[in-house]
Amino acid sequence: MTAQADPWHRLRARMRWLRLLSHQQRQTLLMILLGLATGVEFLENIMFVFASSHIIGGIDADPRSFALVQAAYAVGSMLMILTQHWLARRFGYRYYLTGSLLLFMAGTLAAATSTGLTQMVGARFVQGVGGGALFTSCRILVNMMFSQTDRVRASRIFMLGIFSASALGPAFAAELVDRGVWQDVFYGVLPFAALATIGAWLLLPDAEARDDVEGPGLGPLLLFGVAIVALQATLTEARFDVFSHPIRIALIAALALALLTVFLWQQWHHEKPVLHLRALYQPVFLTGLAMYFVYYMISNLAAYVFPIYAEQALRFPLATTGWLNTFAATISLVGIWVYQRVARKLKHKKPLMTTGLLLMAGAMTWFSFMPPDVGPPALIVGLIGKGLFGVMVIIPIAGLTFGSLAGDDFAHGYRSKNLIRQIASSFASALGAVLLQNRQFAVHTSLVHALGQRPAETEQWMHTVQAALVARGFEAGQAHAGALAQLAALVDQQARLIACEDLYRLIAVLAMAAAVFMLVQRRLD
C-alpha cells in the first residue's frame with residue numbers, strides 16, 4: 001500500500017484546517033492530547049480494578065487464576081517502559097505513540113471478547129505492552145515539546161488529564177456494569193483511546209526513523225523479563241500460598257531478587273545501559289523514588305480494600321460504591337486546581353506532604369470504626385481525607401524529585417519511577433489480598449466459636465427468623481434452611497467488615513510511619 005493510499009496519510013492530509021490554528025492553539029491541542037493519552041491508561045486500569053469481581057465471574061475464573069491477569073499487564077507494561085527510550089528514538093514519537101495506542105486498543109478489544117482465562121491473560125499482556133508507553137512518553141514529551149514558559153501550563157493539563165480519568169473511572173465502570181455487562185468496561189474506554197490515537201497521528205510532529213540507534217540488546221531484556229516474571233509470580237502466589245507453601249514462595253522471591261540484582265549490577269557497569277543508574281544516583285532522586293514507592297503502596301492498598309469494604313462489607317449497591325470512589329477522586333481534582341494556584345507561595349513542601357500523609361492516616365482510621373449498618377454519608381469525611389492525600393503528597397514529591405533532572409536524565413528518571421509504580425502496585429495488591437484473606441478467615445472462625453458459646457441467644461435468633469419465614473408461606477424445613485443461610489451470610493459480612501477495618505488500621509499505621517519519615521528526612525523540602 002502506497003503512502004498516498006494509506007488511510008492514515010489521507011486522514012492527515014485532509015486535516016489541513018489545523019494549519020489555520022494559531023501556534024498557541026496548536027500547543028494547547030498538543031497539551032490536551034498528552035493528558036488524554038495518559039488518562040486513557042489510568043481510566044482503563046481504574047475501571048478494570050473496580051469491576052474485577054464482575055470480570056472474574058464473566059470469564060469463569062477463580063481469584064487465584066485472575067491474579068495472573070493482573071500480573072500479565074504489569075509484565076507487559078514494565079517491558080515496554082524499559083524499552084521506551086530505544087523505541088521512541090528508533091521510530092519517532094508520532095509512530096511510536098500511535099502504534100502503542102493501536103496495540104492498547106487491540107488488547108482492550110481482545111479483553112472484551114475474551115471467554116476464558118487464557119484469552120484474558122494474553123489480552124491484558126498486549127494491553128500492558130501498549131499502555132506501558134503512554135504515561136512515561138507523554139510526560140517526557142511535556143518537557144521536550146514545550147518551552148519553559150509553556151511547560152507549566154502543559155504540566156497542569158497533563159495532571160488534570162490523569163486525575164480527571166481517576167475521577168471518571170469508578171462511577172463510569174459501575175454504571176456500565178450496572179446497566180449492561182462486564183464487557184462494557186472494556187468497550188467504554190475504546191472511544192477515548194481512538195480519539196487519542198487520531199490525535200497522536202495528526203498532532204505529533206514527524207521524526208525520521210533512525211536506523212543508527214543501537215538496540216537495548218537481547219540479554220538485558222531477557223534478564224529483566226525473567227526477573228519481573230519471577231517477581232510477579234511471587235506476588236501472585238503469595239496471595240494464596242504464603243501460609244501453605246511459604247518455602248516455595250521464599251525461593252521464588254529469592255530468585256526474583258537475585259535476577260533483579262544481577263540486572264541492576266549489569267546496567268551499572270554497562271557502557272550503554274537501558275537504565276542509566278549512575279546518572280540517577282542522587283540523594284534527592286533516590287529519596288523521592290522511595291517516597292513514590294510508599295505513596296503507591298498506600299494508595300493501591302486503600303484502592304484494593306474500598307470496593308470490598310463498601311460493596312461486600314457495608315452492602316452498598318455497586319453504583320453507590322462507584323460514585324463514592326468518584327467523589328474522593330473529584331476532591332483530588334479540586335485539590336489540584338487549588339494547589340496549582342498556591343504552589344509558588346509554598347517555599348517548603350515538607351509540611352504539606354506530612355499533613356497529607358496524616359490526613360490519609362485519619363481517613364483510614366475513620367473507615368476502621370464504621371458500624372455494619374452505616375449509610376454512604378458517614379464515609380464522606382474519610383473520602384475527603386483520602387482525596388486530599390493524593391494532591392498533598394504525590395504532586396509535591398514529583399516536583400521535588402525531578403526538579404534536579406533535565407534532558408535525558410529526566411527521561412531515564414521517569415522510566416525508573418514508572419517501573420517503581422508498577423512494582424508497588426503489584427506488591428500492594430498481593431499484600432492486601434493476603435492480609436485480608438487471612439484476617440477474614442481468622443475472624444470468621446472466632447465468630448463461629450462465639451456463636452457456639454451462646455447457644456440460647458443463637459437459638460432465639462434462629463427461632464425468630466424461622467417464624468418470620470413461615471409467616472411468609474415457607475415450609476418448616478425451608479424456613480430452617482433459610483434462617484441458617486441468613487446467619488451464615490451475617491457471619492460472612494461481619495467477618496469481612498472486621499477484616500477490612502483491621503486492614504484500614506494497618507494502612508493508617510503505614511501512613512503515620514511515612515509521615516514521621518517525611519518529617520525527619522532532609523532531602524525533600
# chains A, B, ... in the order shown; residues from 1 in each chain; ligands from 1

call {"tool": "select_by_dssp", "arguments": {"residues": "region 237-416 of chain A", "states": "alpha helix (DSSP H)", "output": "number ranges by chain"}}
result
A: 237-241, 246-269, 283-307, 318-342, 350-367, 380-402, 408-416

call {"tool": "write_last_selection", "arguments": {"atoms": "C-alpha atoms", "output": "compact mmCIF listing (two decimals), in the first residue's frame"}}
result
# COMPACT_ATOMS: atom_id res chain seq x y z
CA GLU A 237 1.36 -16.90 44.56
CA ALA A 238 1.81 -15.05 47.85
CA ARG A 239 -1.89 -14.16 47.76
CA PHE A 240 -2.81 -17.81 48.15
CA ASP A 241 0.19 -19.89 49.25
CA PRO A 246 5.99 -20.44 52.44
CA ILE A 247 9.25 -22.10 51.38
CA ARG A 248 8.21 -22.20 47.73
CA ILE A 249 7.22 -18.54 47.84
CA ALA A 250 10.51 -17.64 49.54
CA LEU A 251 12.53 -19.48 46.86
CA ILE A 252 10.70 -17.73 44.00
CA ALA A 253 11.16 -14.39 45.76
CA ALA A 254 14.86 -15.07 46.26
CA LEU A 255 15.24 -15.94 42.56
CA ALA A 256 13.42 -12.76 41.53
CA LEU A 257 15.55 -10.55 43.79
CA ALA A 258 18.76 -12.26 42.67
CA LEU A 259 17.91 -11.75 39.00
CA LEU A 260 16.98 -8.12 39.59
CA THR A 261 20.25 -7.60 41.45
CA VAL A 262 22.21 -9.10 38.54
CA PHE A 263 20.28 -6.90 36.09
CA LEU A 264 20.97 -3.73 38.10
CA TRP A 265 24.66 -4.66 38.50
CA GLN A 266 24.91 -5.28 34.76
CA GLN A 267 23.24 -1.94 33.99
CA TRP A 268 25.52 -0.10 36.42
CA HIS A 269 28.64 -1.40 34.69
CA PRO A 283 20.23 11.57 47.14
CA VAL A 284 17.21 13.74 46.31
CA PHE A 285 16.07 11.49 43.46
CA LEU A 286 16.55 8.28 45.47
CA THR A 287 14.64 9.71 48.44
CA GLY A 288 11.85 10.77 46.10
CA LEU A 289 11.80 7.33 44.50
CA ALA A 290 11.43 5.72 47.94
CA MET A 291 8.52 8.04 48.74
CA TYR A 292 6.94 7.22 45.38
CA PHE A 293 7.01 3.54 46.35
CA VAL A 294 5.45 4.29 49.74
CA TYR A 295 2.78 6.51 48.19
CA TYR A 296 1.78 3.99 45.52
CA MET A 297 1.74 1.17 48.07
CA ILE A 298 -0.55 3.09 50.47
CA SER A 299 -2.74 4.38 47.64
CA ASN A 300 -3.17 0.98 45.98
CA LEU A 301 -3.78 -0.80 49.28
CA ALA A 302 -6.60 1.65 50.00
CA ALA A 303 -7.93 1.29 46.45
CA TYR A 304 -7.92 -2.52 46.79
CA VAL A 305 -9.83 -2.52 50.06
CA PHE A 306 -12.50 0.10 49.42
CA PRO A 307 -14.72 -1.72 46.85
CA LEU A 318 -22.39 -1.21 43.03
CA ALA A 319 -23.33 2.18 41.59
CA THR A 320 -23.13 3.81 45.03
CA THR A 321 -19.68 2.35 45.60
CA GLY A 322 -18.54 3.69 42.23
CA TRP A 323 -19.83 7.19 42.91
CA LEU A 324 -18.22 7.25 46.37
CA ASN A 325 -14.88 6.42 44.71
CA THR A 326 -15.51 9.14 42.16
CA PHE A 327 -16.32 11.62 44.93
CA ALA A 328 -12.90 11.04 46.52
CA ALA A 329 -11.19 11.42 43.13
CA THR A 330 -13.14 14.63 42.48
CA ILE A 331 -11.79 16.00 45.76
CA SER A 332 -8.32 15.29 44.36
CA LEU A 333 -9.22 17.09 41.14
CA VAL A 334 -10.41 20.18 43.02
CA GLY A 335 -7.34 19.96 45.23
CA ILE A 336 -5.07 20.07 42.17
CA TRP A 337 -6.84 23.18 40.91
CA VAL A 338 -6.22 24.87 44.26
CA TYR A 339 -2.64 23.58 44.55
CA GLN A 340 -1.68 24.92 41.14
CA ARG A 341 -2.63 28.39 42.29
CA VAL A 342 -0.85 28.37 45.63
CA LYS A 350 7.54 19.10 53.60
CA PRO A 351 4.77 20.34 55.97
CA LEU A 352 2.21 19.91 53.16
CA MET A 353 3.32 16.34 52.37
CA THR A 354 3.41 15.40 56.06
CA THR A 355 -0.10 16.80 56.53
CA GLY A 356 -1.30 14.82 53.52
CA LEU A 357 0.03 11.57 54.99
CA LEU A 358 -1.57 12.36 58.35
CA LEU A 359 -4.88 13.08 56.60
CA MET A 360 -4.67 9.68 54.95
CA ALA A 361 -3.99 8.07 58.33
CA GLY A 362 -7.02 9.89 59.72
CA ALA A 363 -9.21 8.80 56.78
CA MET A 364 -8.23 5.15 57.18
CA THR A 365 -8.87 5.37 60.93
CA TRP A 366 -12.31 6.88 60.20
CA PHE A 367 -13.20 3.95 57.94
CA ILE A 380 -17.75 11.40 53.37
CA VAL A 381 -15.21 12.61 55.94
CA GLY A 382 -12.86 9.71 55.20
CA LEU A 383 -13.30 10.13 51.45
CA ILE A 384 -12.33 13.81 51.66
CA GLY A 385 -9.12 12.92 53.52
CA LYS A 386 -8.41 10.15 51.02
CA GLY A 387 -8.94 12.54 48.12
CA LEU A 388 -6.64 15.23 49.54
CA PHE A 389 -3.91 12.66 50.20
CA GLY A 390 -3.07 12.28 46.50
CA VAL A 391 -2.76 16.01 45.88
CA MET A 392 -0.85 16.94 49.02
CA VAL A 393 1.67 14.13 48.72
CA ILE A 394 2.33 12.96 45.16
CA ILE A 395 2.32 16.33 43.35
CA PRO A 396 4.94 17.94 45.65
CA ILE A 397 7.02 14.73 45.60
CA ALA A 398 7.03 14.80 41.79
CA GLY A 399 8.21 18.40 41.67
CA LEU A 400 10.99 17.88 44.21
CA THR A 401 12.16 14.50 42.88
CA PHE A 402 12.56 15.55 39.26
CA ASP A 408 17.89 12.57 29.10
CA ASP A 409 18.33 12.28 32.87
CA PHE A 410 14.69 13.35 33.33
CA ALA A 411 13.56 10.75 30.79
CA HIS A 412 15.58 7.97 32.42
CA GLY A 413 14.36 9.05 35.85
CA TYR A 414 10.73 8.98 34.78
CA ARG A 415 11.11 5.48 33.35
CA SER A 416 12.60 4.31 36.65

call {"tool": "closest_residue", "arguments": {"among": "A:Ala171, A:Val75, A:Ala488, A:Val152", "to": "Ala343 (chain A)", "atoms": "only C-alpha atoms"}}
result
A:Val152

call {"tool": "residues_around", "arguments": {"residues": "Gly375 (chain A)", "least_positions_apart": "2", "cutoff": "12 Å", "atoms": "only C-alpha atoms", "output": "list in words"}}
result
Ala310, Glu311, Ala313, Leu314, Arg315, Phe316, Pro317, Thr320, Thr321, Leu324, Met370, Pro371, Pro372, Asp373, Pro377, Ala378, Leu379 and Ile380 of chain A

call {"tool": "closest_residue", "arguments": {"among": "A:Ala430, A:Ile423, A:Leu87, A:Arg278", "to": "Ile228 (chain A)", "atoms": "only C-alpha atoms"}}
result
A:Ile423

call {"tool": "residues_around", "arguments": {"residues": "region 156-166 of chain A", "least_positions_apart": "5", "cutoff": "7 Å", "atoms": "only C-alpha atoms", "output": "ChimeraX atom specification"}}
result
/A:31-32,34-36,38-39,42-43,46,329,333

call {"tool": "atom_distance", "arguments": {"atom1": "CA of Met145 (chain A)", "atom2": "CA of Ile420 (chain A)"}}
result
25.4 Å

call {"tool": "closest_residue", "arguments": {"among": "A:Lys347, A:Leu29, A:Ser426, A:Met462", "to": "Thr234 (chain A)", "atoms": "only C-alpha atoms"}}
result
A:Ser426

call {"tool": "decode", "arguments": {"residues": "region 100-137 of chain A", "atoms": "N, CA, C and O atoms", "output": "PDB file, in the first residue's frame"}}
result
ATOM      1  N   SER A 100       1.523   2.388  19.803  1.00  0.00           N
ATOM      2  CA  SER A 100       1.235   1.923  21.167  1.00  0.00           C
ATOM      3  C   SER A 100      -0.254   1.990  21.478  1.00  0.00           C
ATOM      4  O   SER A 100      -0.824   1.072  22.068  1.00  0.00           O
ATOM      5  N   LEU A 101      -0.889   3.099  21.063  1.00  0.00           N
ATOM      6  CA  LEU A 101      -2.324   3.242  21.307  1.00  0.00           C
ATOM      7  C   LEU A 101      -3.138   2.227  20.506  1.00  0.00           C
ATOM      8  O   LEU A 101      -4.134   1.686  20.993  1.00  0.00           O
ATOM      9  N   LEU A 102      -2.715   1.955  19.268  1.00  0.00           N
ATOM     10  CA  LEU A 102      -3.393   0.932  18.473  1.00  0.00           C
ATOM     11  C   LEU A 102      -3.240  -0.445  19.128  1.00  0.00           C
ATOM     12  O   LEU A 102      -4.198  -1.240  19.161  1.00  0.00           O
ATOM     13  N   LEU A 103      -2.053  -0.730  19.639  1.00  0.00           N
ATOM     14  CA  LEU A 103      -1.816  -2.001  20.332  1.00  0.00           C
ATOM     15  C   LEU A 103      -2.665  -2.077  21.600  1.00  0.00           C
ATOM     16  O   LEU A 103      -3.247  -3.127  21.919  1.00  0.00           O
ATOM     17  N   PHE A 104      -2.753  -0.962  22.316  1.00  0.00           N
ATOM     18  CA  PHE A 104      -3.578  -0.901  23.525  1.00  0.00           C
ATOM     19  C   PHE A 104      -5.041  -1.156  23.181  1.00  0.00           C
ATOM     20  O   PHE A 104      -5.745  -1.892  23.885  1.00  0.00           O
ATOM     21  N   MET A 105      -5.514  -0.569  22.089  1.00  0.00           N
ATOM     22  CA  MET A 105      -6.905  -0.781  21.669  1.00  0.00           C
ATOM     23  C   MET A 105      -7.138  -2.232  21.252  1.00  0.00           C
ATOM     24  O   MET A 105      -8.196  -2.805  21.561  1.00  0.00           O
ATOM     25  N   ALA A 106      -6.152  -2.820  20.567  1.00  0.00           N
ATOM     26  CA  ALA A 106      -6.291  -4.229  20.177  1.00  0.00           C
ATOM     27  C   ALA A 106      -6.393  -5.120  21.403  1.00  0.00           C
ATOM     28  O   ALA A 106      -7.224  -6.041  21.465  1.00  0.00           O
ATOM     29  N   GLY A 107      -5.557  -4.855  22.418  1.00  0.00           N
ATOM     30  CA  GLY A 107      -5.622  -5.623  23.662  1.00  0.00           C
ATOM     31  C   GLY A 107      -6.932  -5.413  24.386  1.00  0.00           C
ATOM     32  O   GLY A 107      -7.511  -6.357  24.950  1.00  0.00           O
ATOM     33  N   THR A 108      -7.442  -4.179  24.373  1.00  0.00           N
ATOM     34  CA  THR A 108      -8.720  -3.881  25.026  1.00  0.00           C
ATOM     35  C   THR A 108      -9.869  -4.608  24.339  1.00  0.00           C
ATOM     36  O   THR A 108     -10.748  -5.175  24.999  1.00  0.00           O
ATOM     37  N   LEU A 109      -9.865  -4.601  23.016  1.00  0.00           N
ATOM     38  CA  LEU A 109     -10.906  -5.307  22.269  1.00  0.00           C
ATOM     39  C   LEU A 109     -10.818  -6.813  22.506  1.00  0.00           C
ATOM     40  O   LEU A 109     -11.844  -7.490  22.662  1.00  0.00           O
ATOM     41  N   ALA A 110      -9.591  -7.347  22.568  1.00  0.00           N
ATOM     42  CA  ALA A 110      -9.409  -8.772  22.845  1.00  0.00           C
ATOM     43  C   ALA A 110      -9.910  -9.125  24.246  1.00  0.00           C
ATOM     44  O   ALA A 110     -10.503 -10.185  24.464  1.00  0.00           O
ATOM     45  N   ALA A 111      -9.668  -8.227  25.207  1.00  0.00           N
ATOM     46  CA  ALA A 111     -10.148  -8.465  26.574  1.00  0.00           C
ATOM     47  C   ALA A 111     -11.675  -8.481  26.612  1.00  0.00           C
ATOM     48  O   ALA A 111     -12.290  -9.306  27.303  1.00  0.00           O
ATOM     49  N   ALA A 112     -12.299  -7.580  25.865  1.00  0.00           N
ATOM     50  CA  ALA A 112     -13.765  -7.503  25.853  1.00  0.00           C
ATOM     51  C   ALA A 112     -14.399  -8.741  25.244  1.00  0.00           C
ATOM     52  O   ALA A 112     -15.521  -9.107  25.613  1.00  0.00           O
ATOM     53  N   THR A 113     -13.700  -9.385  24.327  1.00  0.00           N
ATOM     54  CA  THR A 113     -14.252 -10.569  23.660  1.00  0.00           C
ATOM     55  C   THR A 113     -13.708 -11.879  24.233  1.00  0.00           C
ATOM     56  O   THR A 113     -13.953 -12.941  23.671  1.00  0.00           O
ATOM     57  N   SER A 114     -12.979 -11.789  25.341  1.00  0.00           N
ATOM     58  CA  SER A 114     -12.428 -12.999  25.966  1.00  0.00           C
ATOM     59  C   SER A 114     -13.538 -13.846  26.564  1.00  0.00           C
ATOM     60  O   SER A 114     -14.484 -13.331  27.159  1.00  0.00           O
ATOM     61  N   THR A 115     -13.377 -15.149  26.419  1.00  0.00           N
ATOM     62  CA  THR A 115     -14.352 -16.080  27.004  1.00  0.00           C
ATOM     63  C   THR A 115     -13.718 -16.982  28.054  1.00  0.00           C
ATOM     64  O   THR A 115     -14.406 -17.808  28.647  1.00  0.00           O
ATOM     65  N   GLY A 116     -12.425 -16.835  28.276  1.00  0.00           N
ATOM     66  CA  GLY A 116     -11.735 -17.666  29.248  1.00  0.00           C
ATOM     67  C   GLY A 116     -10.485 -16.988  29.787  1.00  0.00           C
ATOM     68  O   GLY A 116     -10.085 -15.912  29.323  1.00  0.00           O
ATOM     69  N   LEU A 117      -9.869 -17.639  30.743  1.00  0.00           N
ATOM     70  CA  LEU A 117      -8.715 -17.059  31.430  1.00  0.00           C
ATOM     71  C   LEU A 117      -7.530 -16.858  30.488  1.00  0.00           C
ATOM     72  O   LEU A 117      -6.889 -15.804  30.510  1.00  0.00           O
ATOM     73  N   THR A 118      -7.214 -17.844  29.658  1.00  0.00           N
ATOM     74  CA  THR A 118      -6.051 -17.761  28.781  1.00  0.00           C
ATOM     75  C   THR A 118      -6.157 -16.568  27.839  1.00  0.00           C
ATOM     76  O   THR A 118      -5.178 -15.819  27.654  1.00  0.00           O
ATOM     77  N   GLN A 119      -7.328 -16.359  27.263  1.00  0.00           N
ATOM     78  CA  GLN A 119      -7.521 -15.222  26.370  1.00  0.00           C
ATOM     79  C   GLN A 119      -7.362 -13.906  27.117  1.00  0.00           C
ATOM     80  O   GLN A 119      -6.751 -12.963  26.603  1.00  0.00           O
ATOM     81  N   MET A 120      -7.908 -13.842  28.324  1.00  0.00           N
ATOM     82  CA  MET A 120      -7.824 -12.605  29.092  1.00  0.00           C
ATOM     83  C   MET A 120      -6.382 -12.287  29.487  1.00  0.00           C
ATOM     84  O   MET A 120      -5.964 -11.117  29.458  1.00  0.00           O
ATOM     85  N   VAL A 121      -5.612 -13.301  29.870  1.00  0.00           N
ATOM     86  CA  VAL A 121      -4.206 -13.097  30.221  1.00  0.00           C
ATOM     87  C   VAL A 121      -3.442 -12.537  29.022  1.00  0.00           C
ATOM     88  O   VAL A 121      -2.680 -11.563  29.132  1.00  0.00           O
ATOM     89  N   GLY A 122      -3.646 -13.145  27.845  1.00  0.00           N
ATOM     90  CA  GLY A 122      -2.978 -12.657  26.638  1.00  0.00           C
ATOM     91  C   GLY A 122      -3.400 -11.244  26.284  1.00  0.00           C
ATOM     92  O   GLY A 122      -2.571 -10.405  25.906  1.00  0.00           O
ATOM     93  N   ALA A 123      -4.697 -10.966  26.424  1.00  0.00           N
ATOM     94  CA  ALA A 123      -5.204  -9.626  26.098  1.00  0.00           C
ATOM     95  C   ALA A 123      -4.623  -8.577  27.028  1.00  0.00           C
ATOM     96  O   ALA A 123      -4.225  -7.485  26.589  1.00  0.00           O
ATOM     97  N   ARG A 124      -4.553  -8.886  28.311  1.00  0.00           N
ATOM     98  CA  ARG A 124      -4.011  -7.915  29.268  1.00  0.00           C
ATOM     99  C   ARG A 124      -2.516  -7.706  29.063  1.00  0.00           C
ATOM    100  O   ARG A 124      -2.002  -6.602  29.295  1.00  0.00           O
ATOM    101  N   PHE A 125      -1.802  -8.738  28.633  1.00  0.00           N
ATOM    102  CA  PHE A 125      -0.384  -8.560  28.331  1.00  0.00           C
ATOM    103  C   PHE A 125      -0.216  -7.578  27.161  1.00  0.00           C
ATOM    104  O   PHE A 125       0.622  -6.670  27.211  1.00  0.00           O
ATOM    105  N   VAL A 126      -1.030  -7.751  26.120  1.00  0.00           N
ATOM    106  CA  VAL A 126      -0.969  -6.837  24.969  1.00  0.00           C
ATOM    107  C   VAL A 126      -1.352  -5.422  25.412  1.00  0.00           C
ATOM    108  O   VAL A 126      -0.721  -4.437  25.004  1.00  0.00           O
ATOM    109  N   GLN A 127      -2.357  -5.306  26.252  1.00  0.00           N
ATOM    110  CA  GLN A 127      -2.730  -4.002  26.794  1.00  0.00           C
ATOM    111  C   GLN A 127      -1.565  -3.369  27.547  1.00  0.00           C
ATOM    112  O   GLN A 127      -1.295  -2.170  27.419  1.00  0.00           O
ATOM    113  N   GLY A 128      -0.879  -4.183  28.352  1.00  0.00           N
ATOM    114  CA  GLY A 128       0.256  -3.674  29.121  1.00  0.00           C
ATOM    115  C   GLY A 128       1.382  -3.180  28.231  1.00  0.00           C
ATOM    116  O   GLY A 128       1.987  -2.139  28.486  1.00  0.00           O
ATOM    117  N   VAL A 129       1.660  -3.943  27.168  1.00  0.00           N
ATOM    118  CA  VAL A 129       2.706  -3.533  26.229  1.00  0.00           C
ATOM    119  C   VAL A 129       2.331  -2.206  25.565  1.00  0.00           C
ATOM    120  O   VAL A 129       3.162  -1.300  25.427  1.00  0.00           O
ATOM    121  N   GLY A 130       1.063  -2.067  25.165  1.00  0.00           N
ATOM    122  CA  GLY A 130       0.628  -0.822  24.545  1.00  0.00           C
ATOM    123  C   GLY A 130       0.523   0.320  25.536  1.00  0.00           C
ATOM    124  O   GLY A 130       0.967   1.442  25.271  1.00  0.00           O
ATOM    125  N   GLY A 131      -0.045   0.053  26.701  1.00  0.00           N
ATOM    126  CA  GLY A 131      -0.266   1.106  27.686  1.00  0.00           C
ATOM    127  C   GLY A 131       0.970   1.517  28.448  1.00  0.00           C
ATOM    128  O   GLY A 131       1.045   2.641  28.963  1.00  0.00           O
ATOM    129  N   GLY A 132       1.960   0.624  28.524  1.00  0.00           N
ATOM    130  CA  GLY A 132       3.167   0.944  29.286  1.00  0.00           C
ATOM    131  C   GLY A 132       3.921   2.143  28.749  1.00  0.00           C
ATOM    132  O   GLY A 132       4.662   2.808  29.488  1.00  0.00           O
ATOM    133  N   ALA A 133       3.731   2.454  27.462  1.00  0.00           N
ATOM    134  CA  ALA A 133       4.458   3.564  26.851  1.00  0.00           C
ATOM    135  C   ALA A 133       3.828   4.910  27.164  1.00  0.00           C
ATOM    136  O   ALA A 133       4.497   5.949  27.068  1.00  0.00           O
ATOM    137  N   LEU A 134       2.553   4.936  27.519  1.00  0.00           N
ATOM    138  CA  LEU A 134       1.795   6.183  27.476  1.00  0.00           C
ATOM    139  C   LEU A 134       2.200   7.183  28.552  1.00  0.00           C
ATOM    140  O   LEU A 134       2.508   8.338  28.260  1.00  0.00           O
ATOM    141  N   PHE A 135       2.176   6.769  29.822  1.00  0.00           N
ATOM    142  CA  PHE A 135       2.480   7.680  30.926  1.00  0.00           C
ATOM    143  C   PHE A 135       3.892   8.246  30.776  1.00  0.00           C
ATOM    144  O   PHE A 135       4.107   9.464  30.800  1.00  0.00           O
ATOM    145  N   THR A 136       4.865   7.361  30.601  1.00  0.00           N
ATOM    146  CA  THR A 136       6.257   7.794  30.511  1.00  0.00           C
ATOM    147  C   THR A 136       6.481   8.703  29.307  1.00  0.00           C
ATOM    148  O   THR A 136       7.069   9.788  29.429  1.00  0.00           O
ATOM    149  N   SER A 137       6.028   8.280  28.143  1.00  0.00           N
ATOM    150  CA  SER A 137       6.280   9.033  26.914  1.00  0.00           C
ATOM    151  C   SER A 137       5.632  10.410  26.950  1.00  0.00           C
ATOM    152  O   SER A 137       6.248  11.411  26.571  1.00  0.00           O
TER     153      SER A 137
END
